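Chemist: model-v9.cif is reproduced below (mmCIF, C-alpha atoms).
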data_model
#
loop_
_atom_site.label_atom_id
_atom_site.label_comp_id
_atom_site.auth_asym_id
_atom_site.auth_seq_id
_atom_site.Cartn_x
_atom_site.Cartn_y
_atom_site.Cartn_z
CA MET A 255 104.81 110.24 411.23
CA ILE A 256 106.70 113.49 410.61
CA HIS A 257 109.52 113.37 408.05
CA LEU A 258 112.54 115.46 409.10
CA HIS A 259 115.20 116.39 406.56
CA ASP A 260 117.98 117.80 408.77
CA ILE A 261 118.78 119.73 411.92
CA ARG A 262 118.75 123.42 411.03
CA TYR A 263 119.69 125.66 413.95
CA VAL A 264 119.70 126.16 417.70
CA ARG A 265 118.45 129.34 419.42
CA LEU A 266 119.81 130.07 422.90
CA GLY A 267 119.07 132.84 425.37
CA THR A 268 121.91 134.51 427.24
CA VAL A 269 122.21 137.24 429.87
CA ASP A 270 125.62 138.35 428.52
CA LEU A 271 125.45 138.51 424.73
CA ALA A 272 128.93 139.99 424.16
CA THR A 273 130.74 137.37 426.26
CA THR A 274 128.71 134.54 424.75
CA VAL A 275 129.41 135.67 421.19
CA ARG A 276 133.11 136.05 421.96
CA TYR A 277 133.06 132.45 423.27
CA ALA A 278 131.27 131.22 420.14
CA THR A 279 133.75 132.90 417.79
CA GLU A 280 137.05 132.65 419.66
CA VAL A 281 136.61 129.28 421.37
CA LEU A 282 134.17 127.40 419.11
CA GLY A 283 135.37 129.00 415.87
CA LEU A 284 131.95 130.04 414.57
CA GLU A 285 131.48 132.99 412.21
CA VAL A 286 129.13 135.89 412.97
CA ALA A 287 126.70 136.04 410.05
CA ARG A 288 124.89 139.15 411.32
CA THR A 289 123.79 141.04 414.40
CA GLU A 290 120.24 142.40 414.59
CA GLY A 291 119.38 144.20 417.79
CA LYS A 292 119.55 141.68 420.62
CA PHE A 293 120.08 138.73 418.24
CA VAL A 294 123.42 137.45 416.93
CA TYR A 295 123.33 134.84 414.17
CA LEU A 296 126.38 132.58 413.84
CA ARG A 297 127.20 129.96 411.28
CA SER A 298 129.36 126.88 411.01
CA ASP A 299 128.91 126.23 407.29
CA SER A 300 127.21 127.71 404.21
CA ARG A 301 123.77 127.87 405.85
CA ASP A 302 122.38 131.27 406.81
CA HIS A 303 122.97 130.46 410.48
CA THR A 304 123.32 127.40 412.67
CA LEU A 305 123.25 129.13 416.05
CA CYS A 306 121.39 132.21 417.24
CA TYR A 307 122.18 133.77 420.60
CA PHE A 308 119.75 136.37 421.89
CA GLU A 309 119.48 138.49 425.02
CA GLY A 310 117.08 136.59 427.21
CA ASP A 311 116.58 133.80 429.68
CA PRO A 312 119.30 131.11 429.34
CA ARG A 313 116.56 128.53 429.89
CA ASP A 314 114.90 129.74 426.66
CA HIS A 315 116.28 127.46 423.98
CA THR A 316 114.93 125.97 420.78
CA ALA A 317 116.24 123.30 418.41
CA ALA A 318 115.04 123.47 414.80
CA PHE A 319 114.54 120.69 412.30
CA GLU A 320 113.97 121.20 408.58
CA VAL A 321 111.19 119.62 406.50
CA ASP A 322 111.32 119.46 402.70
CA THR A 323 107.96 120.89 401.63
CA GLN A 324 105.15 123.15 402.78
CA GLN A 325 102.85 120.11 402.65
CA GLU A 326 105.15 118.24 405.06
CA LEU A 327 105.05 121.21 407.45
CA ASP A 328 101.25 121.40 407.25
CA ASN A 329 101.03 117.64 407.81
CA ALA A 330 103.39 117.87 410.80
CA LEU A 331 101.18 120.49 412.45
CA ALA A 332 98.10 118.31 411.89
CA VAL A 333 99.85 115.22 413.31
CA LEU A 334 100.98 117.14 416.39
CA LEU A 335 97.58 118.70 417.10
CA GLU A 336 95.77 115.40 416.54
CA GLY A 337 98.22 113.77 418.96
CA GLY A 338 97.36 116.32 421.64
CA TYR A 339 100.73 118.08 421.55
CA GLN A 340 101.12 121.81 422.11
CA ALA A 341 101.95 123.20 418.64
CA ARG A 342 101.33 126.39 416.68
CA ARG A 343 102.23 127.92 413.35
CA GLY A 344 104.71 130.78 413.68
CA THR A 345 103.84 134.33 412.70
CA VAL A 346 105.32 136.09 409.67
CA ASP A 347 107.48 138.23 411.97
CA GLU A 348 108.75 135.15 413.83
CA ALA A 349 109.56 133.42 410.53
CA GLU A 350 111.51 136.47 409.35
CA GLN A 351 113.42 136.48 412.65
CA ARG A 352 114.34 132.82 412.07
CA TYR A 353 115.15 133.35 408.37
CA VAL A 354 112.69 130.72 407.17
CA ARG A 355 109.62 130.90 404.93
CA ASP A 356 107.35 129.14 407.43
CA PHE A 357 107.60 127.18 410.66
CA VAL A 358 105.73 125.37 413.39
CA ASN A 359 106.77 125.60 417.04
CA LEU A 360 105.97 122.77 419.41
CA LYS A 361 106.72 121.62 422.92
CA ASP A 362 107.89 118.05 423.27
CA PRO A 363 106.66 115.91 426.21
CA SER A 364 109.52 117.29 428.36
CA GLY A 365 108.59 120.89 427.56
CA ASN A 366 111.50 121.55 425.18
CA SER A 367 110.85 124.06 422.41
CA ILE A 368 111.27 122.70 418.88
CA ASP A 369 110.82 124.49 415.55
CA LEU A 370 109.95 122.59 412.40
CA VAL A 371 111.02 124.87 409.54
CA TYR A 372 110.33 125.02 405.83
CA ALA A 373 112.50 126.82 403.25
CA PRO A 374 115.28 128.18 405.46
CA HIS A 375 117.49 130.85 403.95
CA HIS A 376 120.95 129.97 402.70
CA SER A 377 123.79 132.44 402.91
CA GLY A 378 125.18 131.86 399.44
CA ARG A 379 128.58 132.70 400.88
CA ARG A 380 131.53 130.50 401.64
CA TYR A 381 132.08 129.89 405.35
CA PHE A 382 135.12 131.66 406.84
CA PRO A 383 135.55 130.66 410.48
CA SER A 384 137.29 132.91 412.98
CA ARG A 385 139.93 130.19 413.29
CA ASP A 386 140.53 126.75 411.83
CA ALA A 387 138.21 124.72 414.03
CA GLY A 388 137.92 121.71 411.75
CA ILE A 389 134.16 122.25 411.52
CA THR A 390 132.68 120.99 408.28
CA GLY A 391 129.09 121.57 409.37
CA PHE A 392 126.75 120.63 412.17
CA SER A 393 124.53 117.81 411.03
CA HIS A 394 123.48 116.89 414.55
CA ILE A 395 123.23 118.43 417.99
#
For the structure just supplied, provide its representation as C-alpha coordinates.
Modeler:
Amino acid sequence: MIHLHDIRYVRLGTVDLATTVRYATEVLGLEVARTEGKFVYLRSDSRDHTLCYFEGDPRDHTAAFEVDTQQELDNALAVLLEGGYQARRGTVDEAEQRYVRDFVNLKDPSGNSIDLVYAPHHSGRRYFPSRDAGITGFSHI
(Lines of atoms letter the chains of each structure in order from A and count residues from 1; the text may use other names and numbers.)
(Lines give C-alpha, C1' and ligand atoms only; values in the text may rest on other atoms or scores of the structure.)
Protein backbone atom coordinates (compact mmCIF):
# COMPACT_ATOMS: atom_id res chain seq x y z
CA MET A 1 0.00 0.00 0.00
CA ILE A 2 1.15 3.56 -0.72
CA HIS A 3 1.27 5.95 2.24
CA LEU A 4 0.09 9.47 1.33
CA HIS A 5 0.85 12.40 3.63
CA ASP A 6 -1.32 15.17 2.16
CA ILE A 7 -2.80 16.64 -1.00
CA ARG A 8 -0.22 19.03 -2.44
CA TYR A 9 -1.45 20.82 -5.56
CA VAL A 10 -3.65 20.71 -8.63
CA ARG A 11 -2.42 21.55 -12.16
CA LEU A 12 -5.05 22.66 -14.68
CA GLY A 13 -4.80 23.53 -18.35
CA THR A 14 -6.65 26.57 -19.70
CA VAL A 15 -7.08 28.21 -23.10
CA ASP A 16 -7.40 31.69 -21.53
CA LEU A 17 -4.74 32.08 -18.86
CA ALA A 18 -5.41 35.76 -18.06
CA THR A 19 -9.15 35.27 -17.49
CA THR A 20 -8.60 32.11 -15.48
CA VAL A 21 -6.02 33.76 -13.22
CA ARG A 22 -8.29 36.77 -12.71
CA TYR A 23 -11.05 34.32 -11.65
CA ALA A 24 -8.69 32.53 -9.25
CA THR A 25 -7.57 35.77 -7.59
CA GLU A 26 -10.68 37.94 -7.68
CA VAL A 27 -13.37 35.29 -7.19
CA LEU A 28 -11.60 32.50 -5.30
CA GLY A 29 -9.25 34.79 -3.38
CA LEU A 30 -6.02 32.96 -4.20
CA GLU A 31 -2.64 34.71 -4.29
CA VAL A 32 -0.35 34.62 -7.33
CA ALA A 33 2.95 33.17 -6.10
CA ARG A 34 4.73 33.57 -9.44
CA THR A 35 4.30 33.56 -13.20
CA GLU A 36 6.78 31.65 -15.35
CA GLY A 37 6.09 31.75 -19.06
CA LYS A 38 2.80 29.98 -19.67
CA PHE A 39 2.50 28.81 -16.04
CA VAL A 40 0.91 30.74 -13.17
CA TYR A 41 1.38 29.34 -9.66
CA LEU A 42 -1.23 30.32 -7.06
CA ARG A 43 -1.38 29.61 -3.38
CA SER A 44 -3.99 29.38 -0.67
CA ASP A 45 -1.65 29.05 2.31
CA SER A 46 2.07 29.01 3.16
CA ARG A 47 2.90 26.27 0.65
CA ASP A 48 4.82 27.22 -2.49
CA HIS A 49 1.66 26.75 -4.55
CA THR A 50 -1.60 24.86 -4.32
CA LEU A 51 -2.86 25.50 -7.85
CA CYS A 52 -1.01 25.86 -11.13
CA TYR A 53 -2.82 27.06 -14.24
CA PHE A 54 -0.99 26.67 -17.54
CA GLU A 55 -1.77 27.43 -21.16
CA GLY A 56 -2.95 24.14 -22.55
CA ASP A 57 -5.80 21.73 -22.98
CA PRO A 58 -8.46 22.18 -20.25
CA ARG A 59 -8.74 18.39 -20.15
CA ASP A 60 -5.10 18.23 -19.02
CA HIS A 61 -5.28 18.17 -15.24
CA THR A 62 -3.25 16.56 -12.49
CA ALA A 63 -3.81 16.17 -8.75
CA ALA A 64 -0.71 15.77 -6.58
CA PHE A 65 -0.29 13.92 -3.31
CA GLU A 66 2.74 14.22 -1.04
CA VAL A 67 4.74 11.33 0.43
CA ASP A 68 7.09 11.76 3.40
CA THR A 69 10.33 10.18 2.20
CA GLN A 70 12.28 9.30 -0.93
CA GLN A 71 11.96 5.64 0.08
CA GLU A 72 8.16 5.97 0.16
CA LEU A 73 8.22 7.48 -3.33
CA ASP A 74 10.47 4.69 -4.63
CA ASN A 75 8.20 2.10 -2.99
CA ALA A 76 5.12 3.73 -4.52
CA LEU A 77 6.60 3.47 -8.01
CA ALA A 78 7.44 -0.20 -7.44
CA VAL A 79 3.93 -0.95 -6.12
CA LEU A 80 2.32 0.77 -9.11
CA LEU A 81 4.49 -0.95 -11.71
CA GLU A 82 4.06 -4.35 -10.06
CA GLY A 83 0.29 -3.76 -10.07
CA GLY A 84 0.35 -3.13 -13.82
CA TYR A 85 -0.44 0.59 -13.57
CA GLN A 86 0.98 3.16 -15.97
CA ALA A 87 3.56 5.06 -13.88
CA ARG A 88 6.89 6.80 -14.45
CA ARG A 89 9.42 8.84 -12.53
CA GLY A 90 9.41 12.50 -13.53
CA THR A 91 12.41 14.16 -15.12
CA VAL A 92 14.56 16.75 -13.34
CA ASP A 93 13.05 19.50 -15.51
CA GLU A 94 9.50 18.33 -14.70
CA ALA A 95 10.32 18.25 -10.98
CA GLU A 96 11.69 21.80 -11.15
CA GLN A 97 8.51 22.91 -12.94
CA ARG A 98 6.45 21.39 -10.10
CA TYR A 99 8.75 22.77 -7.37
CA VAL A 100 9.43 19.35 -5.85
CA ARG A 101 12.63 17.35 -5.36
CA ASP A 102 11.25 14.22 -7.02
CA PHE A 103 7.94 12.82 -8.22
CA VAL A 104 6.17 9.93 -9.88
CA ASN A 105 3.34 10.46 -12.36
CA LEU A 106 0.70 7.80 -12.81
CA LYS A 107 -2.63 7.26 -14.50
CA ASP A 108 -5.38 5.89 -12.31
CA PRO A 109 -7.81 3.27 -13.72
CA SER A 110 -10.01 6.09 -15.10
CA GLY A 111 -7.07 7.73 -16.88
CA ASN A 112 -6.69 10.65 -14.45
CA SER A 113 -3.18 12.04 -14.05
CA ILE A 114 -1.80 11.91 -10.51
CA ASP A 115 1.58 13.06 -9.21
CA LEU A 116 3.10 11.56 -6.08
CA VAL A 117 5.63 14.13 -4.87
CA TYR A 118 8.53 14.12 -2.44
CA ALA A 119 10.02 17.22 -0.78
CA PRO A 120 7.82 19.96 -2.22
CA HIS A 121 9.07 23.51 -1.85
CA HIS A 122 7.59 25.77 0.81
CA SER A 123 7.27 29.49 0.24
CA GLY A 124 8.51 30.59 3.64
CA ARG A 125 6.20 33.57 3.29
CA ARG A 126 2.96 34.39 5.01
CA TYR A 127 -0.10 34.00 2.79
CA PHE A 128 -1.74 37.29 1.74
CA PRO A 129 -4.90 36.58 -0.25
CA SER A 130 -6.27 39.05 -2.77
CA ARG A 131 -9.33 39.35 -0.54
CA ASP A 132 -10.53 37.82 2.72
CA ALA A 133 -11.83 34.51 1.42
CA GLY A 134 -11.78 32.66 4.73
CA ILE A 135 -9.34 30.12 3.27
CA THR A 136 -7.10 28.57 5.87
CA GLY A 137 -5.60 26.04 3.47
CA PHE A 138 -6.70 23.32 1.10
CA SER A 139 -6.28 19.97 2.77
CA HIS A 140 -8.54 18.18 0.31
CA ILE A 141 -9.84 18.57 -3.22
Chemist: Please evaluate the PyMOL selection byres ((chain A and resi 355) around 8) against the displayed coordinates and give the resulting residues as number ranges by chain.
Modeler: A: 349-350, 353-354, 356-357, 371-375
Chemist: Could you tell me, as a list in words, exactly which residues end up selected when the PyMOL selection byres ((chain A and resi 312) around 12) is applied to this structure?
Modeler: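 Checked against the file, the PyMOL selection byres ((chain A and resi 312) around 12) matches Arg265, Leu266, Gly267, Thr268, Val269, Asp270, Leu271, Thr274, Tyr307, Phe308, Glu309, Gly310, Asp311, Arg313, Asp314, His315 and Thr316 of chain A.
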Chemist: Once the PyMOL selection byres ((chain A and resi 343) around 12) has been evaluated on this model, what residues remain selected, and can you format them as a PDB file with C-alpha atoms, in the frame of the given file?
Modeler:
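And here is the file that came out, result15.pdb:
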ATOM      1  CA  GLN A 324     105.150 123.150 402.780  1.00  0.00           C
ATOM      2  CA  LEU A 327     105.050 121.210 407.450  1.00  0.00           C
ATOM      3  CA  ASP A 328     101.250 121.400 407.250  1.00  0.00           C
ATOM      4  CA  ASN A 329     101.030 117.640 407.810  1.00  0.00           C
ATOM      5  CA  ALA A 330     103.390 117.870 410.800  1.00  0.00           C
ATOM      6  CA  LEU A 331     101.180 120.490 412.450  1.00  0.00           C
ATOM      7  CA  ALA A 332      98.100 118.310 411.890  1.00  0.00           C
ATOM      8  CA  LEU A 334     100.980 117.140 416.390  1.00  0.00           C
ATOM      9  CA  LEU A 335      97.580 118.700 417.100  1.00  0.00           C
ATOM     10  CA  GLN A 340     101.120 121.810 422.110  1.00  0.00           C
ATOM     11  CA  ALA A 341     101.950 123.200 418.640  1.00  0.00           C
ATOM     12  CA  ARG A 342     101.330 126.390 416.680  1.00  0.00           C
ATOM     13  CA  GLY A 344     104.710 130.780 413.680  1.00  0.00           C
ATOM     14  CA  THR A 345     103.840 134.330 412.700  1.00  0.00           C
ATOM     15  CA  VAL A 346     105.320 136.090 409.670  1.00  0.00           C
ATOM     16  CA  ASP A 347     107.480 138.230 411.970  1.00  0.00           C
ATOM     17  CA  GLU A 348     108.750 135.150 413.830  1.00  0.00           C
ATOM     18  CA  ALA A 349     109.560 133.420 410.530  1.00  0.00           C
ATOM     19  CA  ARG A 355     109.620 130.900 404.930  1.00  0.00           C
ATOM     20  CA  ASP A 356     107.350 129.140 407.430  1.00  0.00           C
ATOM     21  CA  PHE A 357     107.600 127.180 410.660  1.00  0.00           C
ATOM     22  CA  VAL A 358     105.730 125.370 413.390  1.00  0.00           C
ATOM     23  CA  ASN A 359     106.770 125.600 417.040  1.00  0.00           C
ATOM     24  CA  LEU A 360     105.970 122.770 419.410  1.00  0.00           C
ATOM     25  CA  ILE A 368     111.270 122.700 418.880  1.00  0.00           C
ATOM     26  CA  ASP A 369     110.820 124.490 415.550  1.00  0.00           C
ATOM     27  CA  LEU A 370     109.950 122.590 412.400  1.00  0.00           C
ATOM     28  CA  VAL A 371     111.020 124.870 409.540  1.00  0.00           C
ATOM     29  CA  TYR A 372     110.330 125.020 405.830  1.00  0.00           C
TER      30      TYR A 372
END
Chemist: Just the number, please: distance in Å from atom CA of A:Ala272 to atom CA of A:Asp302, one decimal.
Modeler: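 Answer for the atom CA of A:Ala272 to atom CA of A:Asp302 separation: 20.5 Å.
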Chemist: Pick from A:Leu282, A:Ala287, A:Ile256, A:Val264: nearest to A:Thr323, with all atoms listed in the file counted?
Modeler: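 Answer, going by the shortest atom-to-atom distance: A:Ile256.
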Chemist: Quote the spacing between atom CA of A:His376 and atom CA of A:Lys361 in Å to one decimal place.
Modeler: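 Computing it gives 26.1 Å between the two atoms.
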Chemist: Kindly give the distance, in Å, that separates atom CA of A:Ile261 and atom CA of A:Leu305, rounded to a single decimal.
Modeler: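 Atom CA of A:Leu305 lies at a distance of 11.2 Å from atom CA of A:Ile261.
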Chemist: For A:Thr279, please output as a PyMOL selection string all residues within 10 Å (counting only C-alpha atoms; exclusion window: fewer than 2 positions along the same chain).
Modeler: chain A and resi 274-277+281-286+296-297+383-385
Chemist: Would you export the selected residues with C-alpha atoms as a PDB file, in the frame of the given file, please?
Modeler:
ATOM      1  CA  THR A 274     128.710 134.540 424.750  1.00  0.00           C
ATOM      2  CA  VAL A 275     129.410 135.670 421.190  1.00  0.00           C
ATOM      3  CA  ARG A 276     133.110 136.050 421.960  1.00  0.00           C
ATOM      4  CA  TYR A 277     133.060 132.450 423.270  1.00  0.00           C
ATOM      5  CA  VAL A 281     136.610 129.280 421.370  1.00  0.00           C
ATOM      6  CA  LEU A 282     134.170 127.400 419.110  1.00  0.00           C
ATOM      7  CA  GLY A 283     135.370 129.000 415.870  1.00  0.00           C
ATOM      8  CA  LEU A 284     131.950 130.040 414.570  1.00  0.00           C
ATOM      9  CA  GLU A 285     131.480 132.990 412.210  1.00  0.00           C
ATOM     10  CA  VAL A 286     129.130 135.890 412.970  1.00  0.00           C
ATOM     11  CA  LEU A 296     126.380 132.580 413.840  1.00  0.00           C
ATOM     12  CA  ARG A 297     127.200 129.960 411.280  1.00  0.00           C
ATOM     13  CA  PRO A 383     135.550 130.660 410.480  1.00  0.00           C
ATOM     14  CA  SER A 384     137.290 132.910 412.980  1.00  0.00           C
ATOM     15  CA  ARG A 385     139.930 130.190 413.290  1.00  0.00           C
TER      16      ARG A 385
END
Chemist: Find the residue from A:Thr289, A:Glu320, A:Pro363, A:Arg352 that sits nearest to A:Gly337; use only C-alpha atoms when measuring.
Modeler: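 The shortest atom-to-atom distance to A:Gly337 comes from A:Pro363.
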Chemist: Kindly indicate which residue among A:Asp362, A:Asp299, A:Gln351, A:Ala317 lies nearest to A:Gly338, using all atoms listed in the file for the distances.
Modeler: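 Checking each candidate against A:Gly338, we get A:Asp362 as the closest.
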